[in-house]
$ cat input-v1.txt   # compact mmCIF, C-alpha atoms
# COMPACT_ATOMS: atom_id res chain seq x y z
CA MET A 1 -5.38 30.33 -9.54
CA GLY A 2 -1.72 30.38 -10.59
CA ALA A 3 -0.92 33.33 -8.32
CA TYR A 4 -2.72 31.61 -5.44
CA ILE A 5 -0.68 28.41 -5.90
CA VAL A 6 2.59 30.36 -5.98
CA ARG A 7 1.60 32.31 -2.86
CA ARG A 8 0.63 29.13 -1.01
CA LEU A 9 3.86 27.40 -2.04
CA ILE A 10 5.88 30.29 -0.62
CA GLN A 11 3.86 30.21 2.60
CA SER A 12 4.32 26.44 2.78
CA ALA A 13 8.08 26.75 2.31
CA VAL A 14 8.29 29.32 5.13
CA LEU A 15 6.17 27.12 7.41
CA VAL A 16 8.29 24.03 6.73
CA PHE A 17 11.45 26.06 7.39
CA LEU A 18 10.09 27.25 10.75
CA VAL A 19 9.09 23.72 11.73
CA ALA A 20 12.53 22.41 10.76
CA SER A 21 14.25 25.19 12.71
CA PHE A 22 12.29 24.72 15.94
CA MET A 23 12.60 20.95 15.69
CA ALA A 24 16.36 21.02 15.05
CA ILE A 25 16.89 23.20 18.12
CA PHE A 26 14.51 21.55 20.60
CA ILE A 27 15.46 18.03 19.61
CA GLN A 28 18.75 18.61 21.39
CA LEU A 29 16.78 18.80 24.64
CA LEU A 30 15.78 15.13 24.42
CA PRO A 31 17.10 13.14 27.37
CA GLY A 32 19.81 10.61 26.67
CA ASP A 33 23.13 10.59 24.86
CA PRO A 34 23.74 9.00 21.45
CA ALA A 35 27.32 8.30 22.48
CA TYR A 36 26.18 5.96 25.25
CA THR A 37 23.64 4.41 22.89
CA ILE A 38 26.49 3.50 20.56
CA LEU A 39 29.04 2.46 23.21
CA GLY A 40 26.71 1.12 25.90
CA ASP A 41 25.82 2.44 29.33
CA LYS A 42 29.09 1.20 30.87
CA ALA A 43 31.32 3.21 28.56
CA SER A 44 33.78 5.59 30.19
CA PRO A 45 33.18 9.35 30.02
CA GLU A 46 36.39 9.72 28.00
CA ARG A 47 35.24 7.31 25.29
CA ALA A 48 31.76 8.94 25.22
CA ALA A 49 33.38 12.36 24.81
CA ALA A 50 35.53 11.03 21.97
CA VAL A 51 32.46 9.66 20.17
CA ARG A 52 30.57 12.94 20.63
CA LYS A 53 33.52 14.79 19.13
CA GLN A 54 33.73 12.33 16.24
CA LEU A 55 30.00 12.79 15.52
CA GLY A 56 30.17 16.57 15.89
CA LEU A 57 27.80 16.59 18.85
CA ASP A 58 30.22 18.60 20.97
CA ARG A 59 29.76 21.68 18.80
CA PRO A 60 27.31 24.47 19.77
CA ILE A 61 23.70 23.85 18.80
CA TYR A 62 23.58 26.79 16.39
CA VAL A 63 26.64 25.46 14.52
CA GLN A 64 25.03 22.04 14.17
CA TYR A 65 21.82 23.70 13.00
CA VAL A 66 23.50 25.82 10.32
CA ASP A 67 25.43 22.82 9.00
CA TRP A 68 22.25 20.73 8.91
CA ILE A 69 20.22 23.38 7.09
CA GLY A 70 23.00 23.78 4.53
CA SER A 71 23.15 20.04 3.93
CA VAL A 72 19.36 19.72 3.60
CA ALA A 73 19.32 22.59 1.10
CA HIS A 74 21.63 20.46 -1.06
CA GLY A 75 19.45 17.35 -0.65
CA ASP A 76 21.73 15.68 1.90
CA PHE A 77 20.18 14.57 5.20
CA GLY A 78 23.49 13.25 6.50
CA ASP A 79 24.25 9.84 7.97
CA SER A 80 22.63 7.98 10.82
CA LEU A 81 24.54 8.25 14.08
CA ILE A 82 23.81 4.61 14.88
CA SER A 83 24.04 2.71 11.58
CA ASP A 84 26.31 5.20 9.78
CA ARG A 85 24.20 4.72 6.63
CA PRO A 86 23.01 7.65 4.49
CA ILE A 87 19.61 8.73 5.81
CA LEU A 88 18.36 9.59 2.33
CA ASN A 89 18.84 5.98 1.20
CA ASP A 90 16.82 4.64 4.13
CA LEU A 91 14.09 7.24 3.55
CA ALA A 92 13.93 6.42 -0.16
CA ARG A 93 13.29 2.80 0.76
CA ARG A 94 10.90 3.28 3.68
CA LEU A 95 8.88 6.40 2.82
CA PRO A 96 7.11 4.87 -0.23
CA ARG A 97 5.92 2.00 1.98
CA THR A 98 4.30 4.40 4.45
CA ILE A 99 2.78 6.50 1.66
CA GLU A 100 1.44 3.34 0.04
CA LEU A 101 -0.14 2.30 3.34
CA ILE A 102 -1.76 5.72 3.79
CA ILE A 103 -3.09 5.82 0.20
CA ALA A 104 -4.52 2.30 0.44
CA SER A 105 -6.14 3.10 3.78
CA MET A 106 -7.63 6.37 2.55
CA ILE A 107 -9.03 4.72 -0.59
CA LEU A 108 -10.70 2.05 1.56
CA ALA A 109 -12.01 4.69 3.97
CA ILE A 110 -13.50 6.78 1.15
CA LEU A 111 -15.03 3.78 -0.62
CA VAL A 112 -16.71 2.71 2.62
CA GLY A 113 -17.37 6.01 4.40
CA ILE A 114 -19.03 8.11 1.67
CA PRO A 115 -21.51 5.45 0.41
CA LEU A 116 -22.52 4.50 3.95
CA GLY A 117 -22.90 8.18 4.83
CA VAL A 118 -25.16 8.70 1.82
CA ILE A 119 -27.25 5.66 2.79
CA ALA A 120 -27.59 6.92 6.36
CA ALA A 121 -28.69 10.39 5.21
CA ASN A 122 -31.11 8.99 2.63
CA TYR A 123 -32.77 6.75 5.25
CA ARG A 124 -32.66 9.17 8.15
CA ASN A 125 -33.94 7.72 11.44
CA GLN A 126 -34.76 4.44 9.72
CA MET A 127 -33.15 1.04 10.24
CA PRO A 128 -30.29 1.55 7.69
CA ASP A 129 -29.43 4.84 9.37
CA ILE A 130 -29.44 3.24 12.81
CA LEU A 131 -27.20 0.36 11.69
CA VAL A 132 -24.76 2.67 9.94
CA SER A 133 -24.65 4.96 12.98
CA ILE A 134 -23.79 2.00 15.21
CA ILE A 135 -21.01 0.99 12.82
CA SER A 136 -19.59 4.51 12.78
CA LEU A 137 -19.75 4.73 16.57
CA LEU A 138 -17.80 1.49 16.89
CA GLY A 139 -15.25 2.69 14.36
CA VAL A 140 -14.68 6.02 16.09
CA SER A 141 -14.55 4.44 19.57
CA THR A 142 -12.08 1.66 18.75
CA PRO A 143 -8.38 2.63 18.89
CA VAL A 144 -6.15 1.35 16.11
CA PHE A 145 -4.05 -0.73 18.50
CA VAL A 146 -7.20 -2.60 19.54
CA SER A 147 -8.62 -3.14 16.03
CA GLY A 148 -5.17 -3.97 14.66
CA THR A 149 -4.47 -6.53 17.37
CA LEU A 150 -7.89 -8.15 16.91
CA LEU A 151 -7.43 -8.41 13.13
CA LEU A 152 -3.97 -9.86 13.60
CA LEU A 153 -5.15 -12.47 16.11
CA VAL A 154 -8.27 -13.48 14.18
CA PHE A 155 -7.18 -13.41 10.54
CA GLY A 156 -3.46 -13.89 10.97
CA VAL A 157 -2.95 -16.18 13.97
CA ARG A 158 -6.18 -18.11 14.41
CA TRP A 159 -7.60 -18.52 10.89
CA HIS A 160 -4.36 -18.04 8.92
CA ILE A 161 -6.24 -16.23 6.15
CA LEU A 162 -3.66 -13.45 5.85
CA PRO A 163 0.00 -13.11 6.90
CA ALA A 164 0.17 -11.88 10.48
CA THR A 165 3.15 -9.54 10.09
CA GLY A 166 5.96 -8.65 7.75
CA TYR A 167 6.47 -7.17 4.32
CA VAL A 168 6.93 -8.56 0.82
CA SER A 169 8.05 -6.40 -2.08
CA PHE A 170 5.57 -6.02 -4.95
CA THR A 171 8.30 -6.91 -7.43
CA ASP A 172 9.02 -10.17 -5.60
CA SER A 173 5.38 -11.23 -5.23
CA PRO A 174 2.48 -8.93 -6.23
CA TRP A 175 -0.15 -11.06 -4.49
CA GLY A 176 2.02 -11.58 -1.41
CA HIS A 177 2.53 -7.82 -1.22
CA ILE A 178 -1.22 -7.21 -1.30
CA GLU A 179 -1.80 -9.88 1.36
CA HIS A 180 0.69 -8.24 3.73
CA LEU A 181 -0.74 -4.77 3.00
CA LEU A 182 -4.40 -5.65 3.54
CA MET A 183 -4.62 -5.91 7.34
CA PRO A 184 -2.55 -2.78 8.11
CA ALA A 185 -4.56 -0.81 5.54
CA VAL A 186 -7.90 -2.02 6.92
CA THR A 187 -6.80 -1.25 10.49
CA LEU A 188 -5.87 2.30 9.57
CA ALA A 189 -8.99 2.74 7.42
CA LEU A 190 -11.55 1.71 10.06
CA LEU A 191 -11.28 4.89 12.10
CA GLU A 192 -11.00 7.13 9.04
CA ALA A 193 -14.03 5.52 7.38
CA ALA A 194 -16.12 6.14 10.49
CA VAL A 195 -15.10 9.82 10.57
CA ILE A 196 -15.82 10.28 6.84
CA LEU A 197 -19.15 8.47 7.24
CA ARG A 198 -20.33 10.75 10.03
CA MET A 199 -19.23 13.88 8.18
CA THR A 200 -20.91 12.74 4.94
CA ARG A 201 -24.16 12.01 6.74
CA SER A 202 -24.33 15.30 8.65
CA SER A 203 -23.26 17.39 5.65
CA LEU A 204 -25.73 15.72 3.30
CA LEU A 205 -28.61 16.12 5.76
CA GLU A 206 -27.82 19.82 6.01
CA VAL A 207 -27.76 20.24 2.22
CA LEU A 208 -31.00 18.28 1.77
CA SER A 209 -32.79 20.90 3.88
CA GLU A 210 -31.70 23.76 1.61
CA ASP A 211 -34.24 25.67 -0.49
CA TYR A 212 -32.80 24.68 -3.86
CA VAL A 213 -33.20 20.99 -2.95
CA ARG A 214 -36.83 21.54 -2.01
CA THR A 215 -37.31 23.40 -5.31
CA ALA A 216 -35.82 20.48 -7.23
CA ARG A 217 -38.23 18.12 -5.52
CA ALA A 218 -41.14 20.46 -6.23
CA LYS A 219 -40.28 20.27 -9.92
CA GLY A 220 -40.91 16.55 -9.78
CA LEU A 221 -37.32 15.31 -9.81
CA GLY A 222 -36.81 11.87 -8.30
CA GLN A 223 -35.01 11.29 -5.03
CA ARG A 224 -32.00 9.69 -6.73
CA ILE A 225 -31.48 12.67 -9.07
CA VAL A 226 -31.94 15.17 -6.24
CA LEU A 227 -29.56 13.24 -4.01
CA TYR A 228 -26.72 12.53 -6.43
CA HIS A 229 -26.94 15.39 -8.93
CA HIS A 230 -27.91 18.30 -6.69
CA ALA A 231 -27.14 17.62 -3.04
CA LEU A 232 -24.12 15.32 -2.91
CA ARG A 233 -21.67 17.56 -4.75
CA ASN A 234 -22.20 20.46 -2.35
CA ALA A 235 -22.22 18.11 0.63
CA LEU A 236 -18.78 16.79 -0.34
CA ILE A 237 -17.00 20.10 0.35
CA PRO A 238 -16.71 19.62 4.14
CA VAL A 239 -16.05 15.92 3.49
CA VAL A 240 -13.03 16.87 1.39
CA THR A 241 -11.84 19.00 4.30
CA ILE A 242 -12.01 16.12 6.72
CA ILE A 243 -10.37 13.76 4.21
CA GLY A 244 -7.44 16.16 3.86
CA ILE A 245 -7.10 16.50 7.63
CA GLN A 246 -7.36 12.74 8.19
CA ALA A 247 -4.78 12.02 5.50
CA GLY A 248 -2.40 14.32 7.35
CA THR A 249 -3.06 12.75 10.74
CA MET A 250 -2.45 9.33 9.20
CA LEU A 251 1.20 10.29 8.86
CA GLY A 252 1.38 10.11 12.63
CA GLY A 253 -1.16 7.33 13.09
CA THR A 254 0.89 4.87 11.08
CA VAL A 255 3.37 4.48 13.95
CA ILE A 256 1.19 2.05 15.90
CA VAL A 257 -0.03 0.18 12.80
CA GLU A 258 3.47 -0.28 11.41
CA TYR A 259 4.66 -1.48 14.79
CA ILE A 260 1.84 -4.01 15.22
CA PHE A 261 2.21 -5.52 11.77
CA ASN A 262 5.98 -5.07 11.51
CA TRP A 263 5.53 -2.93 8.40
CA PRO A 264 8.98 -1.45 7.60
CA GLY A 265 7.89 2.10 6.89
CA VAL A 266 9.14 5.49 7.93
CA SER A 267 7.15 5.52 11.19
CA THR A 268 8.97 2.51 12.64
CA TYR A 269 12.19 4.14 11.45
CA LEU A 270 11.28 7.26 13.43
CA LEU A 271 10.36 5.24 16.52
CA ALA A 272 13.72 3.41 16.46
CA ALA A 273 15.55 6.71 15.94
CA ILE A 274 13.84 8.29 18.98
CA ASN A 275 14.73 5.31 21.17
CA GLN A 276 18.36 5.49 19.99
CA ARG A 277 18.61 9.31 20.13
CA ASP A 278 19.56 9.34 16.45
CA TYR A 279 19.11 13.11 15.99
CA PRO A 280 19.78 13.40 12.22
CA VAL A 281 17.22 10.68 11.43
CA ILE A 282 14.59 12.29 13.69
CA GLN A 283 15.16 15.70 12.09
CA ALA A 284 14.95 14.32 8.56
CA ILE A 285 11.74 12.35 9.16
CA ILE A 286 9.94 15.21 10.92
CA LEU A 287 10.94 17.54 8.09
CA ILE A 288 9.52 15.11 5.52
CA ILE A 289 6.29 14.67 7.50
CA ALA A 290 5.84 18.43 7.89
CA THR A 291 6.38 18.94 4.16
CA LEU A 292 3.86 16.25 3.23
CA PHE A 293 1.29 17.65 5.68
CA VAL A 294 1.60 21.17 4.25
CA LEU A 295 1.32 19.88 0.68
CA LEU A 296 -1.78 17.88 1.62
CA ASN A 297 -3.44 21.07 2.86
CA LEU A 298 -2.63 22.79 -0.44
CA VAL A 299 -4.05 19.91 -2.47
CA THR A 300 -7.20 19.94 -0.32
CA ASP A 301 -7.76 23.63 -1.07
CA LEU A 302 -7.34 23.02 -4.80
CA VAL A 303 -9.83 20.15 -4.74
CA TYR A 304 -12.42 22.59 -3.32
CA ALA A 305 -12.40 24.54 -6.56
CA ALA A 306 -12.77 21.36 -8.60
CA ILE A 307 -15.84 20.30 -6.60
CA ASP A 308 -17.49 23.71 -6.33
CA PRO A 309 -16.85 26.18 -9.19
CA ARG A 310 -18.20 28.99 -6.99
CA ILE A 311 -14.98 28.85 -4.97
CA LYS A 312 -12.41 31.15 -6.52
CA TYR A 313 -8.87 31.82 -5.41
CA GLY A 314 -7.32 35.15 -6.17
$ encode --input "input-v1.txt" --output "structure tokens"
Amino acid sequence: MGAYIVRRLIQSAVLVFLVASFMAIFIQLLPGDPAYTILGDKASPERAAAVRKQLGLDRPIYVQYVDWIGSVAHGDFGDSLISDRPILNDLARRLPRTIELIIASMILAILVGIPLGVIAANYRNQMPDILVSIISLLGVSTPVFVSGTLLLLVFGVRWHILPATGYVSFTDSPWGHIEHLLMPAVTLALLEAAVILRMTRSSLLEVLSEDYVRTARAKGLGQRIVLYHHALRNALIPVVTIIGIQAGTMLGGTVIVEYIFNWPGVSTYLLAAINQRDYPVIQAIILIIATLFVLLNLVTDLVYAAIDPRIKYG
């Protein structure tokens, strides 16, 4: 297992480096000019050229790339072209908010999706299964910008049960923080719960048709013991796969949710940086997202072995 982890970490480091390299080069092809973003569209070409020289944007792309890689290797992402603040400070403040949102959403999705999937499989083609299938279909078919807007209008604007938008630090007000987190987390969790539900149901139905399950029933074991002690553990292996994939895709899916609820995470930071052509910020955020995605895949593989001892990594 130790050798496998080391090998995967090396592969992950190479993959992240390749992503960072391609991104740092192709990001220069984005239309627009940061100099005119800073000075305004009516700025003279001479002033724009002076700003580009001041920011180092007049240098060849490969020179900018080498300098950026060297700085990142020392833990320095540079300064924002627009705000002139250290990018690492902004990331340290915003990234935990996005990670918190993803973790809260995934916990909600797992707590809802797996139990409902088990219920649907246990009552196959009966009324509970039909109701759960309808719920999952609605969850999969509804985009996050629709569900998020509806939740905001109903619970935030019309009924005033929860704050419509904004963010409150946990240290300032623990309950206020939870109130502001709830709607974004639920919005992000609805789609993920539906996906986990469908995967749990289909995987469990497949396992319940296996020979060893029929043997357990022939021995006189009750349905609850067969379901939870024999079938569910094996059925969770593909569910873990989909949970790992969905957790990774959430890193990109938070953009719309953070925008709707004005959640000051790293996704809104990325969106603002793209609009302003703030190249160092874009490069830093994409590098962080790629690193987290690769690490999530590694953790997912390790969870396989914890669920199923038959899986061995050499």
$ closest_atom_pairs --input "input-v1.txt" --of "region 247-296 of chain A" --to "region 189-193 of chain A" --cutoff "12 Å" --atoms "only C-alpha atoms" --output "JSON lines"
{"residue": "A:Ala247", "atom": "CA", "partner": "A:Glu192", "partner_atom": "CA", "distance": 8.7}
{"residue": "A:Gly248", "atom": "CA", "partner": "A:Glu192", "partner_atom": "CA", "distance": 11.3}
{"residue": "A:Thr249", "atom": "CA", "partner": "A:Glu192", "partner_atom": "CA", "distance": 9.9}
{"residue": "A:Met250", "atom": "CA", "partner": "A:Glu192", "partner_atom": "CA", "distance": 8.8}
{"residue": "A:Gly253", "atom": "CA", "partner": "A:Leu191", "partner_atom": "CA", "distance": 10.5}
{"residue": "A:Thr254", "atom": "CA", "partner": "A:Ala189", "partner_atom": "CA", "distance": 10.7}
{"residue": "A:Val257", "atom": "CA", "partner": "A:Ala189", "partner_atom": "CA", "distance": 10.8}
$ residues_around --input "input-v1.txt" --residues "Leu197 (chain A)" --least-positions-apart "3" --cutoff "10 Å" --atoms "all atoms listed in the file" --output "ChimeraX atom specification"
/A:109-110,112-121,132-133,135-136,139,191-194,200-203,239
$ closest_residue --input "input-v1.txt" --among "A:Phe145, A:Trp263, A:Phe293, A:Trp159" --to "Val16 (chain A)" --atoms "all atoms listed in the file"
A:Phe293
$ closest_residue --input "input-v1.txt" --among "A:Leu111, A:Arg214, A:Leu302, A:Pro280" --to "Asp67 (chain A)" --atoms "only C-alpha atoms"
A:Pro280
$ residues_around --input "input-v1.txt" --residues "Ser147 (chain A)" --least-positions-apart "3" --cutoff "12 Å" --atoms "only C-alpha atoms" --output "PDB file with C-alpha atoms, keeping the file's coordinate frame"
ATOM      1  CA  LEU A 138     -17.800   1.490  16.890  1.00  0.00           C
ATOM      2  CA  GLY A 139     -15.250   2.690  14.360  1.00  0.00           C
ATOM      3  CA  VAL A 140     -14.680   6.020  16.090  1.00  0.00           C
ATOM      4  CA  SER A 141     -14.550   4.440  19.570  1.00  0.00           C
ATOM      5  CA  THR A 142     -12.080   1.660  18.750  1.00  0.00           C
ATOM      6  CA  PRO A 143      -8.380   2.630  18.890  1.00  0.00           C
ATOM      7  CA  VAL A 144      -6.150   1.350  16.110  1.00  0.00           C
ATOM      8  CA  LEU A 150      -7.890  -8.150  16.910  1.00  0.00           C
ATOM      9  CA  LEU A 151      -7.430  -8.410  13.130  1.00  0.00           C
ATOM     10  CA  LEU A 152      -3.970  -9.860  13.600  1.00  0.00           C
ATOM     11  CA  LEU A 153      -5.150 -12.470  16.110  1.00  0.00           C
ATOM     12  CA  VAL A 154      -8.270 -13.480  14.180  1.00  0.00           C
ATOM     13  CA  PHE A 155      -7.180 -13.410  10.540  1.00  0.00           C
ATOM     14  CA  MET A 183      -4.620  -5.910   7.340  1.00  0.00           C
ATOM     15  CA  PRO A 184      -2.550  -2.780   8.110  1.00  0.00           C
ATOM     16  CA  ALA A 185      -4.560  -0.810   5.540  1.00  0.00           C
ATOM     17  CA  VAL A 186      -7.900  -2.020   6.920  1.00  0.00           C
ATOM     18  CA  THR A 187      -6.800  -1.250  10.490  1.00  0.00           C
ATOM     19  CA  LEU A 188      -5.870   2.300   9.570  1.00  0.00           C
ATOM     20  CA  ALA A 189      -8.990   2.740   7.420  1.00  0.00           C
ATOM     21  CA  LEU A 190     -11.550   1.710  10.060  1.00  0.00           C
ATOM     22  CA  LEU A 191     -11.280   4.890  12.100  1.00  0.00           C
ATOM     23  CA  ILE A 256       1.190   2.050  15.900  1.00  0.00           C
ATOM     24  CA  VAL A 257      -0.030   0.180  12.800  1.00  0.00           C
ATOM     25  CA  ILE A 260       1.840  -4.010  15.220  1.00  0.00           C
ATOM     26  CA  PHE A 261       2.210  -5.520  11.770  1.00  0.00           C
TER      27      PHE A 261
END
$ atom_distance --input "input-v1.txt" --atom1 "CA of Thr98 (chain A)" --atom2 "CA of Val266 (chain A)"
6.1 Å
$ atom_distance --input "input-v1.txt" --atom1 "CA of Ala290 (chain A)" --atom2 "CA of Asp90 (chain A)"
18.0 Å
$ axis_aligned_box --input "input-v1.txt" --around "region 258-263 of chain A" --padding-each-side "6 Å" --output "lines of an AutoDock Vina configuration file"
center_x = 3.9
center_y = -2.9
center_z = 11.8
size_x = 16.1
size_y = 17.2
size_z = 18.8
$ decode --input "input-v1.txt" --residues "region 224-243 of chain A" --atoms "C-alpha atoms" --output "PDB file, in the first residue's frame"
ATOM      1  CA  ARG A 224     -32.389  -6.665   6.996  1.00  0.00           C
ATOM      2  CA  ILE A 225     -29.271  -8.751   7.745  1.00  0.00           C
ATOM      3  CA  VAL A 226     -28.878  -9.755   4.100  1.00  0.00           C
ATOM      4  CA  LEU A 227     -29.330  -6.170   2.949  1.00  0.00           C
ATOM      5  CA  TYR A 228     -27.085  -4.346   5.401  1.00  0.00           C
ATOM      6  CA  HIS A 229     -24.486  -6.957   6.362  1.00  0.00           C
ATOM      7  CA  HIS A 230     -23.961  -8.760   3.056  1.00  0.00           C
ATOM      8  CA  ALA A 231     -25.143  -6.700   0.093  1.00  0.00           C
ATOM      9  CA  LEU A 232     -24.704  -3.042   0.985  1.00  0.00           C
ATOM     10  CA  ARG A 233     -20.957  -3.099   1.601  1.00  0.00           C
ATOM     11  CA  ASN A 234     -20.202  -4.525  -1.842  1.00  0.00           C
ATOM     12  CA  ALA A 235     -22.789  -2.253  -3.441  1.00  0.00           C
ATOM     13  CA  LEU A 236     -21.037   0.817  -2.022  1.00  0.00           C
ATOM     14  CA  ILE A 237     -17.891   0.359  -4.135  1.00  0.00           C
ATOM     15  CA  PRO A 238     -19.305   1.985  -7.312  1.00  0.00           C
ATOM     16  CA  VAL A 239     -21.099   4.495  -5.075  1.00  0.00           C
ATOM     17  CA  VAL A 240     -17.743   5.560  -3.645  1.00  0.00           C
ATOM     18  CA  THR A 241     -16.525   6.028  -7.211  1.00  0.00           C
ATOM     19  CA  ILE A 242     -19.377   8.340  -8.084  1.00  0.00           C
ATOM     20  CA  ILE A 243     -18.991  10.234  -4.789  1.00  0.00           C
TER      21      ILE A 243
END
